[in-house]
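*Asks:* The structure that follows is given in the form of structure tokens.
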Amino acid sequence: MAPAAPKSGDVIFASVDRVNAELFTLTYGAIVRQLITDLEEVEEVNKQLDQMGYNIGVRLVDEFLAKSSVSRCVDFRETADVIAKVGFKMFLGVTASITNWDAEGTTCSLILEDNPLVDFVELPDTCQGLHYCNILSGVVRGALEMVSMKTEVTWVRDMLRGDDVFELQVKLLKQVPEEYPYKDDE
Amino acid sequence: MIGVGKAKQYANVLDRPIGKGKQEVSLSAFAFLFSELVQYNQIQVDNIAELERRLEDAGYAVGARVLELLCHREKGNRREIRLLGILSFIHSTVWKVLFGKVADSLEKGTEHEDEYMISEKELLVNRFISIPKDMGAFNCGAFVAGIVRGVLDNAGFPAVVTAHFVPVDGQHRPRTTILIKFAEEVLQREARLG
């Protein structure tokens with residue numbers, strides 16, 4: 001059977017089950033609040049959010065590949081494009097854009113204007129070092145690691161800190177070739 | 001040119017428009033997030049009662065905010081003062097907004113005057129969760145119980161809210177019942193109001 005043509009983000013989003021974004025936003029807020037109460041240190045919370053995002057990302061990429069039937073990406077540019085146009089749309093219902101490619105094509109910026117995680121949120125003075133949406137950076141990192149790309153994902157601009165958009169910098173560190181868990185001759 | 005035609009940036013989050021609440025995210029995004037919430041709490045606690053309490057506390061915070069948001073948006077800032085009023089608000093409006101459908105049923109307890117039950121065949125939060133046998137009667141619906149408690153508490157109807165599995169004949173998965181037990185003062189006030 002010929003593989004299905006890759007579907008656009010909108011089409012997939014319309015076909016999956018959806019849930020109210022506000023429930024999602026409020027649940028995420030409850031998680032961040034719990035973390036801040038338990039861990040108290042803002043850096044610890046950032047790390048924990050990143051770890052949670054990583055755990056989500058490694059499982060999310062399976063669903064992404066299953067539902068979107070995108071073909072293998074030729075290079076990192078295509079990967080970043082697919083994440084922004086299809087991935088974000090399919091799960092969060094918002095489209096991201098990619099800019100700021102560097103000369104080698106290994107670093108780019110993912111720009112999010114609309115972010116369902118941060119509706120109704122403002123950062124108090126005690127939490128100014130907090131990357132509220134750090135779970136997203138974990139998700140991207142986890143997902144890419146499962147498709148053999150080691151990346152470093154950092155926040156450049158954060159709307160909760162006064163910038164005009166959310167900007168996530170994704171840097172490809174290296175491509176890890178797939179390792180088979182068994183030897184060929186056994 | 002970047003910046004032209006973008007939404008106006010509000011300095012204060014309180015000035016921003018609330019929005020119609022029609023935005024959606026995929027169910028799997030929510031399911032992943034909820035699973036991380038449960039997993040994180042599992043590491044923090046030693047026993048099931050504590051885990052349920054933490055999930056309930058997380059839900060309480062959600063409930064408090066949902067009440068404020070919905071009172072403003074759906075009901076034009078009118079407050080419910082009667083017991084049946086607030087129960088039907090939760091059963092219909094809150095459930096519809098959060099889970100996309102009204103709750104399956106709302107019943108009054110037969111044994112006690114102060115007990116009411118909201119039942120749901122399959123709670124959204126439990127859809128992708130299976131409870132291992134050694135966790136006994138643990139129910140992730142404790143999160144939803146927390147949401148209900150948050151709404152009731154902040155509306156002035158203090159109650160103890162818990163989630164239970166109720167096996168149903170002919171159905172493989174049990175249905176979930178949210179049991180609401182109102183505090184004494186609520187019933188007294190209700191009796192006084194006639």
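A note on labels: chains of the structure tokens are A, B, ... as shown, every chain counts residues from 1, and ligands are counted from 1 in their shown order.
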Please provide as a ChimeraX atom specification all residues within 10 Å of Gln51 in chain A, with the sequence filter that same-chain residues fewer than 6 positions apart are discarded (counting only C-alpha atoms).
*Replies:* /A:45,57,134-135,137-139,141-142 /B:36
*Asks:* Restricting it to C-alpha atoms, dump the selection as a PDB file, in the first residue's frame.
*Replies:*
ATOM      1  CA  VAL A  45      11.582  24.228  38.926  1.00  0.00           C
ATOM      2  CA  GLY A  57       8.465  14.446  24.224  1.00  0.00           C
ATOM      3  CA  ASN A 134      10.040  25.278  30.006  1.00  0.00           C
ATOM      4  CA  ILE A 135       8.013  22.151  29.457  1.00  0.00           C
ATOM      5  CA  SER A 137      11.677  23.093  25.478  1.00  0.00           C
ATOM      6  CA  GLY A 138      11.780  19.652  27.108  1.00  0.00           C
ATOM      7  CA  VAL A 139       9.164  18.318  24.712  1.00  0.00           C
ATOM      8  CA  ARG A 141      14.350  18.122  23.006  1.00  0.00           C
ATOM      9  CA  GLY A 142      12.836  14.765  23.954  1.00  0.00           C
TER      10      GLY A 142
ATOM     11  CA  GLU B  36       3.203  13.945  34.048  1.00  0.00           C
TER      12      GLU B  36
END
*Asks:* Give me the residues within 8 Å of range 152-165 of chain B as number ranges by chain, counting only C-alpha atoms and dropping any in the same chain fewer than 3 places off.
*Replies:* B: 64, 67, 79-80, 83, 86, 137, 139, 141-142, 144-146, 148-149, 174-183, 186
*Asks:* List as number ranges by chain the protein and nucleic acid residues near range 8-14 of chain A, meaning an atom at most 10 Å away when only C-alpha atoms are counted, but skip any in the same chain fewer than 2 places from it.
*Replies:* A: 5-6, 16-18, 64, 67-70, 82-95; B: 24-26
*Asks:* Could you write out the selected residues, including N, CA and C atoms, as a compact mmCIF listing (two decimals), in the first residue's frame?
*Replies:*
# COMPACT_ATOMS: atom_id res chain seq x y z
N ALA A 5 -0.08 10.56 1.78
CA ALA A 5 0.63 11.83 1.62
C ALA A 5 0.66 12.54 2.97
N PRO A 6 1.72 13.28 3.27
CA PRO A 6 1.78 13.96 4.57
C PRO A 6 0.62 14.95 4.70
N VAL A 16 -8.22 14.96 15.32
CA VAL A 16 -7.99 14.35 16.65
C VAL A 16 -9.06 14.84 17.61
N ASP A 17 -9.19 14.11 18.72
CA ASP A 17 -10.08 14.57 19.78
C ASP A 17 -9.47 15.81 20.41
N ARG A 18 -10.33 16.78 20.72
CA ARG A 18 -9.79 18.01 21.29
C ARG A 18 -10.43 18.27 22.65
N PHE A 64 3.05 11.64 17.11
CA PHE A 64 3.22 12.59 16.03
C PHE A 64 3.50 11.87 14.72
N LYS A 67 0.37 9.88 13.51
CA LYS A 67 -0.79 10.61 13.00
C LYS A 67 -0.47 11.45 11.79
N SER A 68 0.77 11.93 11.69
CA SER A 68 1.01 12.91 10.64
C SER A 68 1.57 12.30 9.38
N SER A 69 2.04 11.08 9.43
CA SER A 69 2.63 10.39 8.27
C SER A 69 3.53 11.30 7.44
N VAL A 70 4.39 12.06 8.11
CA VAL A 70 5.38 12.82 7.35
C VAL A 70 6.48 11.87 6.93
N VAL A 82 8.77 21.15 9.99
CA VAL A 82 7.71 20.19 10.30
C VAL A 82 7.24 20.34 11.75
N ILE A 83 8.20 20.56 12.64
CA ILE A 83 7.83 20.74 14.06
C ILE A 83 6.92 21.94 14.20
N ALA A 84 7.33 23.05 13.56
CA ALA A 84 6.57 24.28 13.74
C ALA A 84 5.20 24.20 13.08
N LYS A 85 5.17 23.71 11.83
CA LYS A 85 3.91 23.77 11.11
C LYS A 85 2.97 22.62 11.52
N VAL A 86 3.49 21.43 11.62
CA VAL A 86 2.62 20.29 11.89
C VAL A 86 2.55 19.96 13.38
N GLY A 87 3.71 19.84 14.00
CA GLY A 87 3.73 19.41 15.40
C GLY A 87 2.98 20.32 16.33
N PHE A 88 3.35 21.59 16.34
CA PHE A 88 2.69 22.52 17.25
C PHE A 88 1.21 22.63 16.95
N LYS A 89 0.87 22.62 15.66
CA LYS A 89 -0.54 22.78 15.29
C LYS A 89 -1.34 21.59 15.79
N MET A 90 -0.75 20.41 15.60
CA MET A 90 -1.47 19.18 15.92
C MET A 90 -1.74 19.03 17.40
N PHE A 91 -0.81 19.48 18.24
CA PHE A 91 -1.00 19.27 19.67
C PHE A 91 -1.53 20.49 20.38
N LEU A 92 -1.02 21.66 20.04
CA LEU A 92 -1.44 22.85 20.77
C LEU A 92 -2.42 23.71 19.99
N GLY A 93 -2.63 23.39 18.74
CA GLY A 93 -3.57 24.18 17.96
C GLY A 93 -3.06 25.52 17.54
N VAL A 94 -1.76 25.76 17.70
CA VAL A 94 -1.20 27.05 17.28
C VAL A 94 -0.05 26.76 16.32
N THR A 95 0.17 27.70 15.39
CA THR A 95 1.29 27.50 14.46
C THR A 95 2.46 28.34 14.91
N GLU B 24 -8.89 25.40 21.47
CA GLU B 24 -8.78 24.00 21.87
C GLU B 24 -7.35 23.51 21.72
N VAL B 25 -7.01 22.50 22.49
CA VAL B 25 -5.75 21.80 22.28
C VAL B 25 -6.12 20.34 22.08
N SER B 26 -5.16 19.55 21.61
CA SER B 26 -5.50 18.15 21.37
C SER B 26 -5.64 17.43 22.69
*Asks:* Tell me the residues of chain A close to chain B, meaning within 9 Å using only C-alpha atoms, as number ranges by chain.
*Replies:* A: 13, 16-24, 26-31, 33-34, 52-53, 55-56, 59-60, 63, 89-94, 116, 119-122, 162, 164
*Asks:* Go through A:Val165, A:Leu136, A:Leu130, A:Val42 one by one, measure the shortest atom-to-atom distance of each to Leu117 in chain A using only C-alpha atoms, and give the residue with the smallest value.
*Replies:*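 Selected residue with least distance to Leu117 in chain A: A:Leu136.
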*Asks:* Would you return as a PyMOL selection string the members of chain B that DSSP assigns to alpha helix (DSSP H) on this structure's backbone?
*Replies:* chain B and resi 27-44+48-73+83-88+95-99+142-154+184-193
*Asks:* Skipping near chain neighbours, those fewer than 5 positions away, what residues fall within 7 Å of range 144-156 of chain A using only C-alpha atoms, listed as a PyMOL selection string?
*Replies:* chain A and resi 58+137+167-178
